[in-house]
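Structure record follows, encoded as structure tokens.
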Amino acid sequence: MPRTHRTARPARTARMAGAVAVALAAALTLTACGSDGGSPGPAKVNKLKADSPYQGTVLGKNFEKPDLQLTDTAGQPYDLRKQTSGKATLLFFGYTSCPDVCPTTMGDIGVAMKALGTEERQKVNVVFVSTDPQRDTPQVLRTWLDSMGSDFIGLTGDLAKVKTAARALGIMIEDPVVNGDGTVTSTHGAQVLAFLPSDDKAHVLYLSGTEEKIFEHDLPLLARGVAA
């Protein structure tokens, strides 16, 4: 049988990341649907906020954590909103076969997490939600995530639910496409959203290409719940 686990074309991923970067640079907005399925609303982005201690991009509109129930890497039901409540949470949508953005982003977060003290590390959740659940089984996710962080949370399951949750955060996800040669292309937004423990809302955004040193700077602030 043909192999079907090749990932999104780098050029396409780059175009998506570039489009978001242009929008940010122009101080435009990200379009987002409410988590309750309501009408789209603008998500104001502050590219530079002089009084913010964070080096990531501060959001003018703070998104609620998605009401998303999937399966974790132990094969158990996982309620994202309930089980990460009251803890700083980094949320990223991607897939394990990704050739560039996903392993780079998660790897950089992993390095930054290792720089935290034990107590601080326990106050931060890193959640990776698969955009290719047919191939990203709990076992596949666990093996892949362990190379970045053994305590990282991996979630997989109903792609329709994943797309709805991502859309509520202004993140685009397309259905995986089987190419003529049997490989698979999965296209997704490459943003990382940081939710503060004080209100469980996203306050800070990290684009594809964010340097590890920025995560290393911001993670201790997130762990302490410092306001953005």
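We label chains A, B, ... in the order they appear in the structure tokens, count residues from 1 in each chain, and number ligands from 1 in the order shown.
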List as a list of chain:residue names the protein and nucleic acid residues near Ala74 (chain A), meaning an atom at most 8 Å away when only C-alpha atoms are counted, but skip any in the same chain fewer than 2 places from it.
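Near neighbours after the sequence-gap exclusion: A:Thr71, A:Asp72, A:Gln76, A:Pro138, A:Gln139.
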Could you write out that same residue set with C-alpha atoms as a PDB file, in the first residue's frame?
```
ATOM      1  CA  THR A  71      -8.568  11.749  23.217  1.00  0.00           C
ATOM      2  CA  ASP A  72      -5.174  12.090  24.906  1.00  0.00           C
ATOM      3  CA  GLN A  76      -8.426   8.630  27.621  1.00  0.00           C
ATOM      4  CA  PRO A 138      -2.502   8.418  20.544  1.00  0.00           C
ATOM      5  CA  GLN A 139       0.580   6.201  20.301  1.00  0.00           C
TER       6      GLN A 139
END
```
Could you pull the residues within 8 Å of Leu91 (chain A), counting only C-alpha atoms, minus those fewer than 4 positions along the same chain, as a PyMOL selection string?
chain A and resi 126-129+192-195
Can you work out which one of A:Met113, A:Ala223, A:Leu59, A:Val204 has the shortest atom-to-atom distance to Ser150 (chain A), counting only C-alpha atoms?
A:Met113
Surrounding residues of Lys82 (chain A) excluding itself and chain neighbours under 3 positions, 12 Å, only C-alpha atoms, as a list in words
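Within the cut-off, the hits are Lys65, Pro66, Asp67, Leu68, Gln69, Pro77, Tyr78, Asp79, Ser85, Gly86, Lys87 and Asp200 of chain A.
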Please determine, counting only C-alpha atoms, which residue among A:Gly170, A:Gly110, A:Pro103, A:Gly94 has the shortest atom-to-atom distance to Lys213 (chain A).
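Of A:Gly170, A:Gly110, A:Pro103, A:Gly94, the one nearest Lys213 (chain A), counting only C-alpha atoms, is A:Gly110.
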Give the strand (DSSP E) residues of region 22-222 of chain A, as assigned by DSSP on the backbone, as a PyMOL selection string.
chain A and resi 29-33+40-46+57-64+69-72+77-79+88-94+124-130+153-156+177-178+184-185+192-195+201-206
Export of the given selection (C-alpha atoms) as a PDB file, in the first residue's frame:
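That gives us again38.pdb:
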```pdb
ATOM      1  CA  THR A  29      -7.341  42.015  12.714  1.00  0.00           C
ATOM      2  CA  LEU A  30      -7.685  38.254  12.784  1.00  0.00           C
ATOM      3  CA  THR A  31     -11.186  37.077  11.943  1.00  0.00           C
ATOM      4  CA  ALA A  32     -12.583  34.702  14.547  1.00  0.00           C
ATOM      5  CA  CYS A  33     -15.862  33.001  15.340  1.00  0.00           C
ATOM      6  CA  PRO A  40     -17.567  36.207  13.292  1.00  0.00           C
ATOM      7  CA  GLY A  41     -15.951  38.994  15.259  1.00  0.00           C
ATOM      8  CA  PRO A  42     -12.724  40.932  14.972  1.00  0.00           C
ATOM      9  CA  ALA A  43      -9.729  39.962  17.085  1.00  0.00           C
ATOM     10  CA  LYS A  44      -7.678  43.077  17.500  1.00  0.00           C
ATOM     11  CA  VAL A  45      -3.923  42.481  17.526  1.00  0.00           C
ATOM     12  CA  ASN A  46      -1.443  44.800  19.182  1.00  0.00           C
ATOM     13  CA  THR A  57       2.290  39.478  20.200  1.00  0.00           C
ATOM     14  CA  VAL A  58      -0.340  40.780  22.611  1.00  0.00           C
ATOM     15  CA  LEU A  59      -3.952  40.238  21.579  1.00  0.00           C
ATOM     16  CA  GLY A  60      -6.362  43.124  21.949  1.00  0.00           C
ATOM     17  CA  LYS A  61      -9.253  40.635  22.158  1.00  0.00           C
ATOM     18  CA  ASN A  62      -8.767  37.717  24.512  1.00  0.00           C
ATOM     19  CA  PHE A  63     -10.141  34.416  23.225  1.00  0.00           C
ATOM     20  CA  GLU A  64     -11.819  31.931  25.532  1.00  0.00           C
ATOM     21  CA  GLN A  69     -13.200  17.136  24.060  1.00  0.00           C
ATOM     22  CA  LEU A  70     -10.765  14.763  22.371  1.00  0.00           C
ATOM     23  CA  THR A  71      -8.568  11.749  23.217  1.00  0.00           C
ATOM     24  CA  ASP A  72      -5.174  12.090  24.906  1.00  0.00           C
ATOM     25  CA  PRO A  77     -11.066  11.335  27.096  1.00  0.00           C
ATOM     26  CA  TYR A  78      -9.621  14.807  27.606  1.00  0.00           C
ATOM     27  CA  ASP A  79     -11.634  17.983  28.154  1.00  0.00           C
ATOM     28  CA  ALA A  88      -0.994  28.719  31.859  1.00  0.00           C
ATOM     29  CA  THR A  89      -1.516  26.875  28.582  1.00  0.00           C
ATOM     30  CA  LEU A  90       0.233  26.994  25.217  1.00  0.00           C
ATOM     31  CA  LEU A  91      -2.001  25.649  22.439  1.00  0.00           C
ATOM     32  CA  PHE A  92      -0.802  24.630  18.971  1.00  0.00           C
ATOM     33  CA  PHE A  93      -2.590  22.856  16.118  1.00  0.00           C
ATOM     34  CA  GLY A  94      -0.460  20.687  13.840  1.00  0.00           C
ATOM     35  CA  VAL A 124       2.495  25.468  32.313  1.00  0.00           C
ATOM     36  CA  ASN A 125       0.584  23.128  30.004  1.00  0.00           C
ATOM     37  CA  VAL A 126       1.778  22.606  26.441  1.00  0.00           C
ATOM     38  CA  VAL A 127      -1.048  21.183  24.314  1.00  0.00           C
ATOM     39  CA  PHE A 128      -0.630  19.872  20.760  1.00  0.00           C
ATOM     40  CA  VAL A 129      -3.879  19.171  18.868  1.00  0.00           C
ATOM     41  CA  SER A 130      -3.589  16.995  15.747  1.00  0.00           C
ATOM     42  CA  ILE A 153      -0.244  16.942  26.142  1.00  0.00           C
ATOM     43  CA  GLY A 154      -1.234  15.450  22.793  1.00  0.00           C
ATOM     44  CA  LEU A 155      -4.853  15.368  21.649  1.00  0.00           C
ATOM     45  CA  THR A 156      -6.440  13.642  18.674  1.00  0.00           C
ATOM     46  CA  VAL A 177      -5.741  15.809   1.154  1.00  0.00           C
ATOM     47  CA  VAL A 178      -4.511  12.531  -0.324  1.00  0.00           C
ATOM     48  CA  VAL A 184      -1.055  13.331   2.426  1.00  0.00           C
ATOM     49  CA  THR A 185      -1.039  17.120   2.658  1.00  0.00           C
ATOM     50  CA  VAL A 192       0.699  29.312  19.147  1.00  0.00           C
ATOM     51  CA  LEU A 193      -1.761  30.841  21.584  1.00  0.00           C
ATOM     52  CA  ALA A 194      -0.921  31.428  25.249  1.00  0.00           C
ATOM     53  CA  PHE A 195      -3.763  31.305  27.772  1.00  0.00           C
ATOM     54  CA  LYS A 201      -8.206  33.290  28.007  1.00  0.00           C
ATOM     55  CA  ALA A 202      -5.628  33.728  25.230  1.00  0.00           C
ATOM     56  CA  HIS A 203      -3.663  36.921  25.719  1.00  0.00           C
ATOM     57  CA  VAL A 204      -0.476  36.322  23.716  1.00  0.00           C
ATOM     58  CA  LEU A 205       0.151  35.017  20.185  1.00  0.00           C
ATOM     59  CA  TYR A 206       3.337  33.514  18.756  1.00  0.00           C
TER      60      TYR A 206
END
```
In Å, how far is it from CA of Arg121 (chain A) to CA of Pro220 (chain A)?
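Separating CA of Arg121 (chain A) from CA of Pro220 (chain A) is a distance of 8.4 Å.
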What does the distance between CA of Met172 (chain A) and CA of Ser147 (chain A) come to in Å, to one decimal place?
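Distance between the two atoms: 26.3 Å.
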Residues within 10 Å of Ser52 (chain A), please, as a ChimeraX atom specification. Count only C-alpha atoms; anything in the same chain fewer than 6 positions from it doesn't count.
/A:58,226-228
Now that the selection is made, can you save its residues with all heavy atoms as a PDB file, in the first residue's frame?
```pdb
ATOM      1  N   VAL A  58       0.780  40.650  21.687  1.00  0.00           N
ATOM      2  CA  VAL A  58      -0.340  40.780  22.611  1.00  0.00           C
ATOM      3  C   VAL A  58      -1.643  40.953  21.835  1.00  0.00           C
ATOM      4  O   VAL A  58      -1.724  41.758  20.907  1.00  0.00           O
ATOM      5  CB  VAL A  58      -0.132  41.977  23.565  1.00  0.00           C
ATOM      6  CG1 VAL A  58      -1.337  42.157  24.473  1.00  0.00           C
ATOM      7  CG2 VAL A  58       1.133  41.778  24.389  1.00  0.00           C
ATOM      8  N   VAL A 226       1.491  36.555  34.973  1.00  0.00           N
ATOM      9  CA  VAL A 226       1.686  37.994  34.812  1.00  0.00           C
ATOM     10  C   VAL A 226       0.778  38.527  33.719  1.00  0.00           C
ATOM     11  O   VAL A 226       0.681  37.942  32.633  1.00  0.00           O
ATOM     12  CB  VAL A 226       3.157  38.294  34.468  1.00  0.00           C
ATOM     13  CG1 VAL A 226       3.366  39.785  34.161  1.00  0.00           C
ATOM     14  CG2 VAL A 226       4.070  37.860  35.605  1.00  0.00           C
ATOM     15  N   ALA A 227       0.092  39.607  33.986  1.00  0.00           N
ATOM     16  CA  ALA A 227      -0.835  40.186  33.019  1.00  0.00           C
ATOM     17  C   ALA A 227      -0.096  40.667  31.784  1.00  0.00           C
ATOM     18  O   ALA A 227       1.022  41.192  31.867  1.00  0.00           O
ATOM     19  CB  ALA A 227      -1.606  41.347  33.647  1.00  0.00           C
ATOM     20  N   ALA A 228      -0.731  40.485  30.610  1.00  0.00           N
ATOM     21  CA  ALA A 228      -0.105  40.924  29.366  1.00  0.00           C
ATOM     22  C   ALA A 228      -0.366  42.391  29.105  1.00  0.00           C
ATOM     23  O   ALA A 228       0.300  43.002  28.294  1.00  0.00           O
ATOM     24  CB  ALA A 228      -0.634  40.088  28.205  1.00  0.00           C
TER      25      ALA A 228
END
```
What separation in Å, quoted to one decimal, exists between CA of His188 (chain A) and CA of His217 (chain A)?
26.2 Å
Enumerate, as a ChimeraX atom specification, the complete set of residues in region 77-169 of chain A that a backbone-based DSSP assignment places in alpha helix (DSSP H).
/A:80-83,101-114,118-121,138-146,159-167
Pick from A:Thr105, A:Gln122, A:Thr164, A:Thr131, whichever lies nearest to Phe215 (chain A) using only C-alpha atoms
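Nearest to Phe215 (chain A): A:Thr105.
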Find, counting only C-alpha atoms, the residue in A:Asn179, A:Pro197, A:Gly225, A:Asp146 that gets nearest to Arg81 (chain A).
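When distances to Arg81 (chain A) are compared using only C-alpha atoms, the smallest one comes from A:Pro197.
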Given only C-alpha atoms as the counted atoms, nearest of A:Gly157, A:Gly149, A:Pro176, A:Gly107 to Glu212 (chain A)
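Going through A:Gly157, A:Gly149, A:Pro176, A:Gly107 one by one, the smallest distance to Glu212 (chain A) is for A:Gly107.
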